[in-house]
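Here's the structure, in structure tokens; my notes come after.
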Amino acid sequence: ISSNRTSTTISNGFRWQRRIGSRLPIPLIRAGLGFASRLFARREKLNEAQAARLSRMAQRANIDELLWGAAAIDRWQLGEADVSNLEIPIHQIHGVGDWVIPIHQPHVTESISNGRHLITWTHADRVNVFLESVLSSS
């Protein structure tokens with residue numbers, strides 16, 4: 001859901017931001033999360049309740065876990081050949097307007113034309129229908 005299929009689709013911008021961010025002091029990262037939550041809320045067109053929830057998530061975020069996760073994504077080595085050899089199907093749903101992880105066709109199973117990055121919030125019904133259809137076909 002709003003993710004990358006392989007490491008080759010991770011943007012250089014993400015890698016650059018991760019490297020810069022990993023050198024910042026924790027209080028600055030925390031302040032940046034507060035700013036980012038407001039930016040996300042506007043760009044994703046979240047309602048007031050969703051924006052407040054996202055802000056609380058930013059305030060409570062475990063910075064060490066965020067830094068670890070970003071580093072793990074940056075070091076991820078799964079390529080298309082690896083994915084092709086998996087014995088499990090991969091299904092993806094992605095917002096066409098995702099500005100955090102741009103959509104990478106042709107591997108997306110379903111795209112949401114007016115969706116952005118937080119489709120689990122903004123298009124929850126559509127994501128749930130997608131998940132139900134994937135699970136019922138397995």
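Going by the structure tokens order, chains are called A, B, ..., each with residues numbered from 1, while ligands are numbered from 1 in the order shown.
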Please produce, as CSV, a per-residue contact table for range 37-86 of chain A versus range 112-115 of chain A (criterion: any atom at most 12 Å away, only C-alpha atoms considered), showing the nearest atom pair and its distance in Å to one decimal, sorted by chain then residue number.
residue,atom,partner,partner_atom,distance
A:Arg43,CA,A:Gly115,CA,11.0
A:Glu44,CA,A:Gly115,CA,8.4
A:Lys45,CA,A:Gly115,CA,10.2
A:Leu46,CA,A:Gly115,CA,11.8
Could you pull the residues within 7 Å of range 96-111 of chain A, counting only C-alpha atoms, minus those fewer than 5 positions along the same chain, as a CSV table (one decimal) with C-alpha atoms, in the first residue's frame?
chain,number,residue,atom,x,y,z
A,2,SER,CA,1.7,3.2,-1.2
A,3,SER,CA,5.0,1.4,-1.2
A,9,THR,CA,12.1,2.4,-7.3
A,91,HIS,CA,-0.3,-6.9,-5.1
A,116,ARG,CA,-1.9,10.6,-2.8
A,117,HIS,CA,0.4,9.0,-0.2
For the structure I just gave you, how does DSSP split chain A - specifically, which residues are strand (DSSP E)? Reply as number ranges by chain. A: 93-95, 110-112
Nearest to Ala72 in chain A: which of A:Ile88, A:Leu118, A:Ile10, A:Ile29 is it, counting only C-alpha atoms?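 Checking each candidate against Ala72 in chain A, we get A:Ile10 as the closest.
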How many Å lie between CA of Leu67 in chain A and CA of Phe35 in chain A, rounded to one decimal?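 So the two atoms, CA of Leu67 in chain A and CA of Phe35 in chain A, lie 17.2 Å apart.
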Residues at most 10 Å from Phe14 in chain A, counting only C-alpha atoms, excluding those fewer than 3 positions away in the same chain, as a ChimeraX atom specification? /A:10-11,17-20,70,73-74,100-101
Once you have the residues from the selection above, write them out as a PDB file, in the first residue's frame, restricted to C-alpha atoms.
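Full text of part_38.pdb as output:
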ATOM      1  CA  ILE A  10      13.270   4.217  -4.148  1.00  0.00           C
ATOM      2  CA  SER A  11      13.938   7.789  -5.158  1.00  0.00           C
ATOM      3  CA  GLN A  17      16.922  13.144   2.774  1.00  0.00           C
ATOM      4  CA  ARG A  18      17.636  10.041   4.841  1.00  0.00           C
ATOM      5  CA  ARG A  19      21.372  10.692   4.836  1.00  0.00           C
ATOM      6  CA  ILE A  20      20.938  14.346   5.797  1.00  0.00           C
ATOM      7  CA  ALA A  70      14.793   4.896   6.865  1.00  0.00           C
ATOM      8  CA  ILE A  73      14.913   1.236   3.248  1.00  0.00           C
ATOM      9  CA  ASP A  74      18.079   2.928   1.988  1.00  0.00           C
ATOM     10  CA  VAL A 100       6.317  10.729  -1.197  1.00  0.00           C
ATOM     11  CA  ILE A 101       6.750   7.469  -3.099  1.00  0.00           C
TER      12      ILE A 101
END
List every residue of range 10-135 of chain A that DSSP, applied to the backbone of this structure, places in helix (DSSP H, G or I), and write the result as an mmCIF file with C-alpha atoms, in the first residue's frame.
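Written out: result.cif:
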data_model
loop_
_atom_site.group_PDB
_atom_site.id
_atom_site.type_symbol
_atom_site.label_atom_id
_atom_site.label_comp_id
_atom_site.auth_asym_id
_atom_site.auth_seq_id
_atom_site.Cartn_x
_atom_site.Cartn_y
_atom_site.Cartn_z
ATOM 1 C CA ASN A 12 17.327 9.412 -4.873
ATOM 2 C CA GLY A 13 15.526 12.236 -3.075
ATOM 3 C CA PHE A 14 14.497 9.828 -0.306
ATOM 4 C CA ARG A 15 18.062 8.518 -0.038
ATOM 5 C CA TRP A 16 19.439 12.057 0.135
ATOM 6 C CA GLN A 17 16.922 13.144 2.774
ATOM 7 C CA ARG A 18 17.636 10.041 4.841
ATOM 8 C CA ARG A 19 21.372 10.692 4.836
ATOM 9 C CA ILE A 20 20.938 14.346 5.797
ATOM 10 C CA GLY A 21 18.312 13.510 8.423
ATOM 11 C CA ILE A 26 16.961 14.448 17.662
ATOM 12 C CA PRO A 27 15.248 17.712 18.785
ATOM 13 C CA LEU A 28 15.593 19.079 15.243
ATOM 14 C CA ILE A 29 14.176 15.856 13.780
ATOM 15 C CA ARG A 30 11.260 16.071 16.231
ATOM 16 C CA ALA A 31 10.570 19.675 15.159
ATOM 17 C CA GLY A 32 10.806 18.597 11.516
ATOM 18 C CA LEU A 33 8.188 15.905 12.119
ATOM 19 C CA GLY A 34 5.820 18.533 13.486
ATOM 20 C CA PHE A 35 6.301 20.640 10.361
ATOM 21 C CA ALA A 36 6.017 17.585 8.116
ATOM 22 C CA SER A 37 2.744 16.512 9.757
ATOM 23 C CA ARG A 38 1.209 19.903 8.942
ATOM 24 C CA LEU A 39 2.573 19.734 5.380
ATOM 25 C CA PHE A 40 1.183 16.219 4.931
ATOM 26 C CA ALA A 41 -2.193 17.255 6.298
ATOM 27 C CA ARG A 42 -2.475 20.048 3.729
ATOM 28 C CA ARG A 43 -1.044 18.138 0.767
ATOM 29 C CA GLU A 48 -9.421 18.187 10.858
ATOM 30 C CA ALA A 49 -9.596 14.958 12.859
ATOM 31 C CA GLN A 50 -7.112 13.196 10.577
ATOM 32 C CA ALA A 51 -4.724 16.170 10.730
ATOM 33 C CA ALA A 52 -4.891 16.157 14.537
ATOM 34 C CA ARG A 53 -4.218 12.395 14.619
ATOM 35 C CA LEU A 54 -1.236 12.784 12.295
ATOM 36 C CA SER A 55 0.130 15.590 14.491
ATOM 37 C CA ARG A 56 -0.183 13.378 17.601
ATOM 38 C CA MET A 57 1.605 10.574 15.752
ATOM 39 C CA ALA A 58 4.453 12.950 14.885
ATOM 40 C CA GLN A 59 4.716 14.105 18.503
ATOM 41 C CA ARG A 60 4.839 10.526 19.807
ATOM 42 C CA ILE A 63 12.902 8.812 16.432
ATOM 43 C CA ASP A 64 15.337 5.903 16.791
ATOM 44 C CA GLU A 65 12.848 3.585 15.060
ATOM 45 C CA LEU A 66 12.225 6.123 12.293
ATOM 46 C CA LEU A 67 15.952 6.500 11.660
ATOM 47 C CA TRP A 68 16.415 2.718 11.703
ATOM 48 C CA GLY A 69 13.530 2.219 9.246
ATOM 49 C CA ALA A 70 14.793 4.896 6.865
ATOM 50 C CA ALA A 71 18.287 3.347 6.929
ATOM 51 C CA ALA A 72 16.807 -0.118 6.261
ATOM 52 C CA ILE A 73 14.913 1.236 3.248
ATOM 53 C CA ASP A 74 18.079 2.928 1.988
ATOM 54 C CA ARG A 75 20.066 -0.354 2.250
ATOM 55 C CA GLU A 80 13.075 -7.046 -9.953
ATOM 56 C CA ALA A 81 14.810 -10.394 -10.570
ATOM 57 C CA ASP A 82 14.459 -11.206 -6.858
ATOM 58 C CA VAL A 83 10.764 -10.288 -6.905
ATOM 59 C CA SER A 84 10.183 -12.432 -9.991
ATOM 60 C CA ILE A 119 -4.608 6.454 0.798
ATOM 61 C CA THR A 120 -5.178 4.286 3.870
ATOM 62 C CA TRP A 121 -6.660 7.439 5.449
ATOM 63 C CA THR A 122 -8.104 9.295 2.488
ATOM 64 C CA ALA A 124 -9.818 3.700 3.292
ATOM 65 C CA ASP A 125 -12.948 2.142 1.744
ATOM 66 C CA ARG A 126 -11.201 1.622 -1.583
ATOM 67 C CA VAL A 127 -8.093 0.172 0.074
ATOM 68 C CA ASN A 128 -10.241 -2.209 2.129
ATOM 69 C CA VAL A 129 -12.107 -3.422 -0.966
ATOM 70 C CA PHE A 130 -8.736 -4.006 -2.661
ATOM 71 C CA LEU A 131 -7.412 -5.950 0.334
ATOM 72 C CA GLU A 132 -10.587 -8.047 0.536
ATOM 73 C CA SER A 133 -10.352 -8.913 -3.158
ATOM 74 C CA VAL A 134 -6.681 -9.865 -2.880
ATOM 75 C CA LEU A 135 -7.275 -11.999 0.192
#
Name the closest residue to Ile1 in chain A among the candidates A:Ala61, A:Leu86, A:Leu78, A:Ile93; distances are taken between atoms, counting only C-alpha atoms.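 Among the listed residues, the smallest separation from Ile1 in chain A belongs to A:Ile93.
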Selection near Gln77 in chain A, 9 Å with only C-alpha atoms, sequence-local residues under 6 positions removed, as a ChimeraX atom specification: /A:6-8
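Pairwise distance (CA of Glu87 in chain A, CA of Ser138 in chain A) equals 12.6 Å.
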